[in-house]
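A.B. asks: Handing you a structure now.
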Amino acid sequence: MSADPLPAKRIGYCTNVHPGRTLAETRDQLDRHAAAVREQVAPRGALNVGLWLSAAAVSELDSPAAVDSFKAWLDARRLRVFTLNGFPYGDFHGAVVKHRVYEPSWSDPHRLDYTLALARLLAALVDEGEHAGISTLPLGWPGAPCAAVDTGSAVGQLRTAAAELNRIAAETGRLLHLDIEPEPGCILSTSSNLCAFYREQLLGGVCEAEERIIRRHIRVCHDVCHAAVMFEPQREALDRYAADGIEIGKVQISSAIEAGLPADISASEALLEALQPFAEDRYLHQTSIRRDGLRVFYEDLPAALAQAPSGTSERWRIHYHVPISAERLGPLGTTQAAITECLRILAEAPVRDLEIETYTWGVLPQHERPGSIADGISGEMKWLLHELGRLGIPCEAGA
């Protein structure tokens with residue numbers, strides 16, 4: 001007897017690329033950009049979007065009437081929410097974001113309140129019987145300039161979130177899950193970090209019934225770029241989650257900058273010069289360098305660039321979500337091949353949701369920017385659809 005066929009992959013793009021300090025600003029951005037993407041990618045149907053709402057914006061949806069009105073507004077524009085991004089809490093497009101994106105941490109009650117508000121909203125936006133996830137930060141940043149993270153408090157709040165998601169599932173028929181997203185430099189920066197935390201702390205000392213609830217409602221958001229920056233092979237990360245019985249709630253399709261610096265110092269200096277325009281002020285661009293078989297980690301790209309060329313061959317990977325459709329950026333490479341590697345693995349996996357997360361269009365060097373944000377996002381969507389088709393993976397970008 002043959003196994004049931006895997007469901008088609010759902011693909012969409014994450015709207016954290018658009019500013020949204022308030023609900024009105026979010027609506028304006030979706031009207032201007034998401035609708036244009038829909039016309040290019042799914043002109044006769046709906047477009048899947050991974051919705052991001054700041055804490056201030058979601059607080060405006062404080063009544064059933066307000067939520068119903070927002071849902072009707074999305075429906076009228078044929079925008080279908082298939083996942084939420086619950087990572088950035090505040091203004092993700094301020095002049096300087098850097099470490100602020102990691103606050104509040106999971107030991108701060110504001111993080112739990114924000115996440116549960118998103119869960120209540122998501123339950124109202126998706127259909128009965130649906131599964132949908134909310135990606136979230138990997139506990140927090142491990143030190144200054146961020147506030148200290150109390151891991152015990154974070155564990156307690158994550159368990160509370162799982163219990164509340166279980167209650168929502170029983171009441172509404174919507175199975176929601178919170179998807180922890182490892183990120184370079186954070187407390188949980190790799191799959192091995194996350195698995196150890198999940199196994200030893202999140203599940204530590206719980207009864208069988210509580211373990212079932214946690215495993216059902218606390219999952220992983222696997223970000224392709226993040227694993228690549230840490231030089232973590234996609235197969236290794238995905239296999240590690242499977243071995244520990246941790247489900248993948250969604251995969252964020254993203255690409256990093258890669259630069260292979262030769263031993264020749266003058267040639268290395270030319271590549272370092274090409275990296276200079278990417279050392280911008282808004283976002284943190286964690287950088288890993290593989291040198292003599294070891295990985296050296298820098299908190300931000302400017303710190304890495306301040307180091308003189310070593311005179312040995314090096315491979316640099318920079319946490320800078322560049323367009324997934326770009327194989328190269330002038331003399332610089334990208335980790336686009338890691339996306340294809342991941343997709344090949346997912347072809348035989350039950351993971352359903354794939355979310356493109358390129359939020360850096362506004363800070364890319366001018367010569368790398370498309371004619372419009374909508375053109376850039378549409379190009380990424382079309383590239384991913386083509387790549388999935390080439391690999392024989394059924395998918396849909398809307399309805």
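Labels used: A, B, ... for chains in the order of the structure tokens, numbers from 1 for residues in each chain, and numbers from 1 for ligands as shown.
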Would you kindly return, as a ChimeraX atom specification, each protein, DNA or RNA residue with an atom no farther than 6 Å from any atom of range 206-223 of chain A, considering only C-alpha atoms and excluding same-chain residues fewer than 2 positions away?

C.D. replies: /A:162,177-181,203-204,225-226,247-252

A.B. asks: Can you write out the residues you just picked, keeping C-alpha atoms, as a tab-separated table (two decimals), in the first residue's frame?

C.D. replies:
chain	number	residue	atom	x	y	z
A	162	ALA	CA	1.94	26.01	24.28
A	177	HIS	CA	2.14	26.40	16.54
A	178	LEU	CA	4.92	28.68	17.73
A	179	ASP	CA	8.04	28.25	15.59
A	180	ILE	CA	11.36	29.12	17.27
A	181	GLU	CA	13.83	30.54	14.75
A	203	LEU	CA	10.82	19.26	28.01
A	204	GLY	CA	12.80	18.87	31.22
A	225	CYS	CA	20.15	31.90	5.46
A	226	HIS	CA	20.74	31.56	9.21
A	247	GLU	CA	8.54	19.34	13.98
A	248	ILE	CA	9.39	22.08	11.50
A	249	GLY	CA	6.54	24.56	11.47
A	250	LYS	CA	7.77	26.49	8.46
A	251	VAL	CA	10.88	27.18	6.43
A	252	GLN	CA	11.98	30.72	5.66

A.B. asks: Using only C-alpha atoms, which protein or nucleic acid residues come within 7 Å of Leu139 in chain A? Drop anything in the same chain fewer than 4 positions from it, and give the result as number ranges by chain.

C.D. replies: A: 105-106, 154, 187-188

A.B. asks: Export N, CA and C atoms of the chosen residues as a CSV table (one decimal), in the first residue's frame?

C.D. replies:
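Okay, result.csv is ready:
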chain,number,residue,atom,x,y,z
A,105,SER,N,12.8,39.9,25.1
A,105,SER,CA,13.1,38.5,25.0
A,105,SER,C,12.0,37.6,25.5
A,106,TRP,N,12.2,36.3,25.5
A,106,TRP,CA,11.2,35.4,26.0
A,106,TRP,C,11.1,35.3,27.5
A,154,ALA,N,12.0,32.1,30.5
A,154,ALA,CA,11.6,31.9,29.1
A,154,ALA,C,11.0,30.6,28.9
A,187,ILE,N,20.9,33.3,21.6
A,187,ILE,CA,21.1,32.2,22.6
A,187,ILE,C,21.0,30.9,21.9
A,188,LEU,N,20.0,30.8,21.0
A,188,LEU,CA,19.8,29.6,20.1
A,188,LEU,C,20.2,30.0,18.7

A.B. asks: Excluding same-chain residues fewer than 4 positions from Leu343 in chain A, what lies within 10 Å of it counting only C-alpha atoms, as a ChimeraX atom specification?

C.D. replies: /A:224,234,251,253,337-339,347-349,354,384,387-388,391,393

A.B. asks: For the residues selected in the previous step, produce a file with C-alpha atoms as a compact mmCIF listing (two decimals), in the first residue's frame.

C.D. replies:
# COMPACT_ATOMS: atom_id res chain seq x y z
CA VAL A 224 17.96 28.78 5.27
CA GLN A 234 20.89 22.08 5.49
CA VAL A 251 10.88 27.18 6.43
CA ILE A 253 13.52 30.84 2.22
CA ALA A 337 22.69 26.91 -3.52
CA ALA A 338 21.70 26.25 0.12
CA ILE A 339 18.09 27.03 -0.83
CA ALA A 347 10.57 17.37 -1.39
CA GLU A 348 10.25 14.23 0.76
CA ALA A 349 9.23 15.99 3.99
CA LEU A 354 7.70 28.09 2.70
CA LEU A 384 11.07 29.93 -6.21
CA GLU A 387 12.90 26.04 -8.76
CA LEU A 388 10.14 23.97 -7.13
CA LEU A 391 12.58 19.75 -8.72
CA ILE A 393 7.69 19.67 -6.03

A.B. asks: Please report the interatomic distance between CA of Leu272 in chain A and CA of Ala308 in chain A in Å with one decimal.

C.D. replies: 9.5 Å

A.B. asks: For range 273-356 of chain A versus range 13-37 of chain A, which residues have an atom no more than 12 Å away, and what is each residue's nearest atom pair and distance in Å rounded to one decimal, using only C-alpha atoms, chain-then-number order, as a Markdown table?

C.D. replies:
| residue | atom | partner | partner_atom | distance |
| --- | --- | --- | --- | --- |
| A:His321 | CA | A:Val17 | CA | 10.7 |
| A:Val322 | CA | A:Val17 | CA | 11.9 |
| A:Pro323 | CA | A:Tyr13 | CA | 11.9 |
| A:Ile324 | CA | A:Tyr13 | CA | 11.5 |
| A:Asp353 | CA | A:Tyr13 | CA | 10.6 |
| A:Leu354 | CA | A:Tyr13 | CA | 8.4 |
| A:Glu355 | CA | A:Tyr13 | CA | 5.2 |
| A:Ile356 | CA | A:Tyr13 | CA | 4.5 |

A.B. asks: Next, dump the selected residues to file, keeping only C-alpha atoms, as a tab-separated table (two decimals), in the first residue's frame.

C.D. replies:
chain	number	residue	atom	x	y	z
A	321	HIS	CA	18.93	38.67	3.50
A	322	VAL	CA	19.72	39.30	-0.15
A	323	PRO	CA	17.28	38.49	-3.00
A	324	ILE	CA	16.90	34.72	-3.28
A	353	ASP	CA	4.84	26.31	4.47
A	354	LEU	CA	7.70	28.09	2.70
A	355	GLU	CA	7.99	31.83	3.38
A	356	ILE	CA	10.33	34.12	1.43

A.B. asks: Within range 27-204 of chain A, find each residue whose DSSP state, derived from the backbone, is strand (DSSP E or B), and express the selection as a list of chain:residue names.

C.D. replies: A:Leu47, A:Asn48, A:Val49, A:Gly50, A:Leu51, A:Trp52, A:Leu79, A:Arg80, A:Val81, A:Phe82, A:Thr83, A:Leu84, A:Asn85, A:His131, A:Ala132, A:Gly133, A:Ile134, A:Ser135, A:Thr136, A:Leu175, A:Leu176, A:His177, A:Leu178, A:Asp179, A:Ile180

A.B. asks: What parts of range 98-220 of chain A does DSSP call alpha helix (DSSP H)? I'd like the answer as number ranges by chain.

C.D. replies: A: 109-125, 151-172, 191-197, 208-217

A.B. asks: I need the residue nearest Ala56 in chain A from this list: A:Gly90, A:Pro7, A:Pro350, A:Pro370. Use only C-alpha atoms for the distance.

C.D. replies: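 Of the candidates, the smallest distance to Ala56 in chain A is held by A:Gly90.
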
A.B. asks: Would you kindly return, as a ChimeraX atom specification, each protein, DNA or RNA residue with an atom no farther than 12 Å from any atom of Gly143 in chain A, considering only C-alpha atoms and excluding same-chain residues fewer than 3 positions away?

C.D. replies: /A:99,102-103,105,139-140,146-150,185-187,299

A.B. asks: If we count only C-alpha atoms and set the cut-off at 12 Å, which residues sit around Pro64 in chain A, ignoring sequence neighbours fewer than 2 positions away in its own chain? Please answer as a PyMOL selection string.

C.D. replies: chain A and resi 60-62+66-71+120-121+123-125

A.B. asks: For a quick check of understanding, using only C-alpha atoms, which of A:Thr190, A:Gln276, A:Gln201, A:Gln336 has the smallest distance to Pro365 in chain A?

C.D. replies: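 For Pro365 in chain A, the nearest of the given residues is A:Gln276.
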
A.B. asks: Using only C-alpha atoms for the distances, tell me which of A:Ser288, A:Thr115, A:Gln40, A:Ser59 is nearest to Ser135 in chain A.

C.D. replies: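 Of the candidates, the smallest distance to Ser135 in chain A is held by A:Thr115.
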
A.B. asks: Separation of CA of Arg111 in chain A and CA of Leu47 in chain A, in Å?

C.D. replies: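 So the answer is 28.8 Å.
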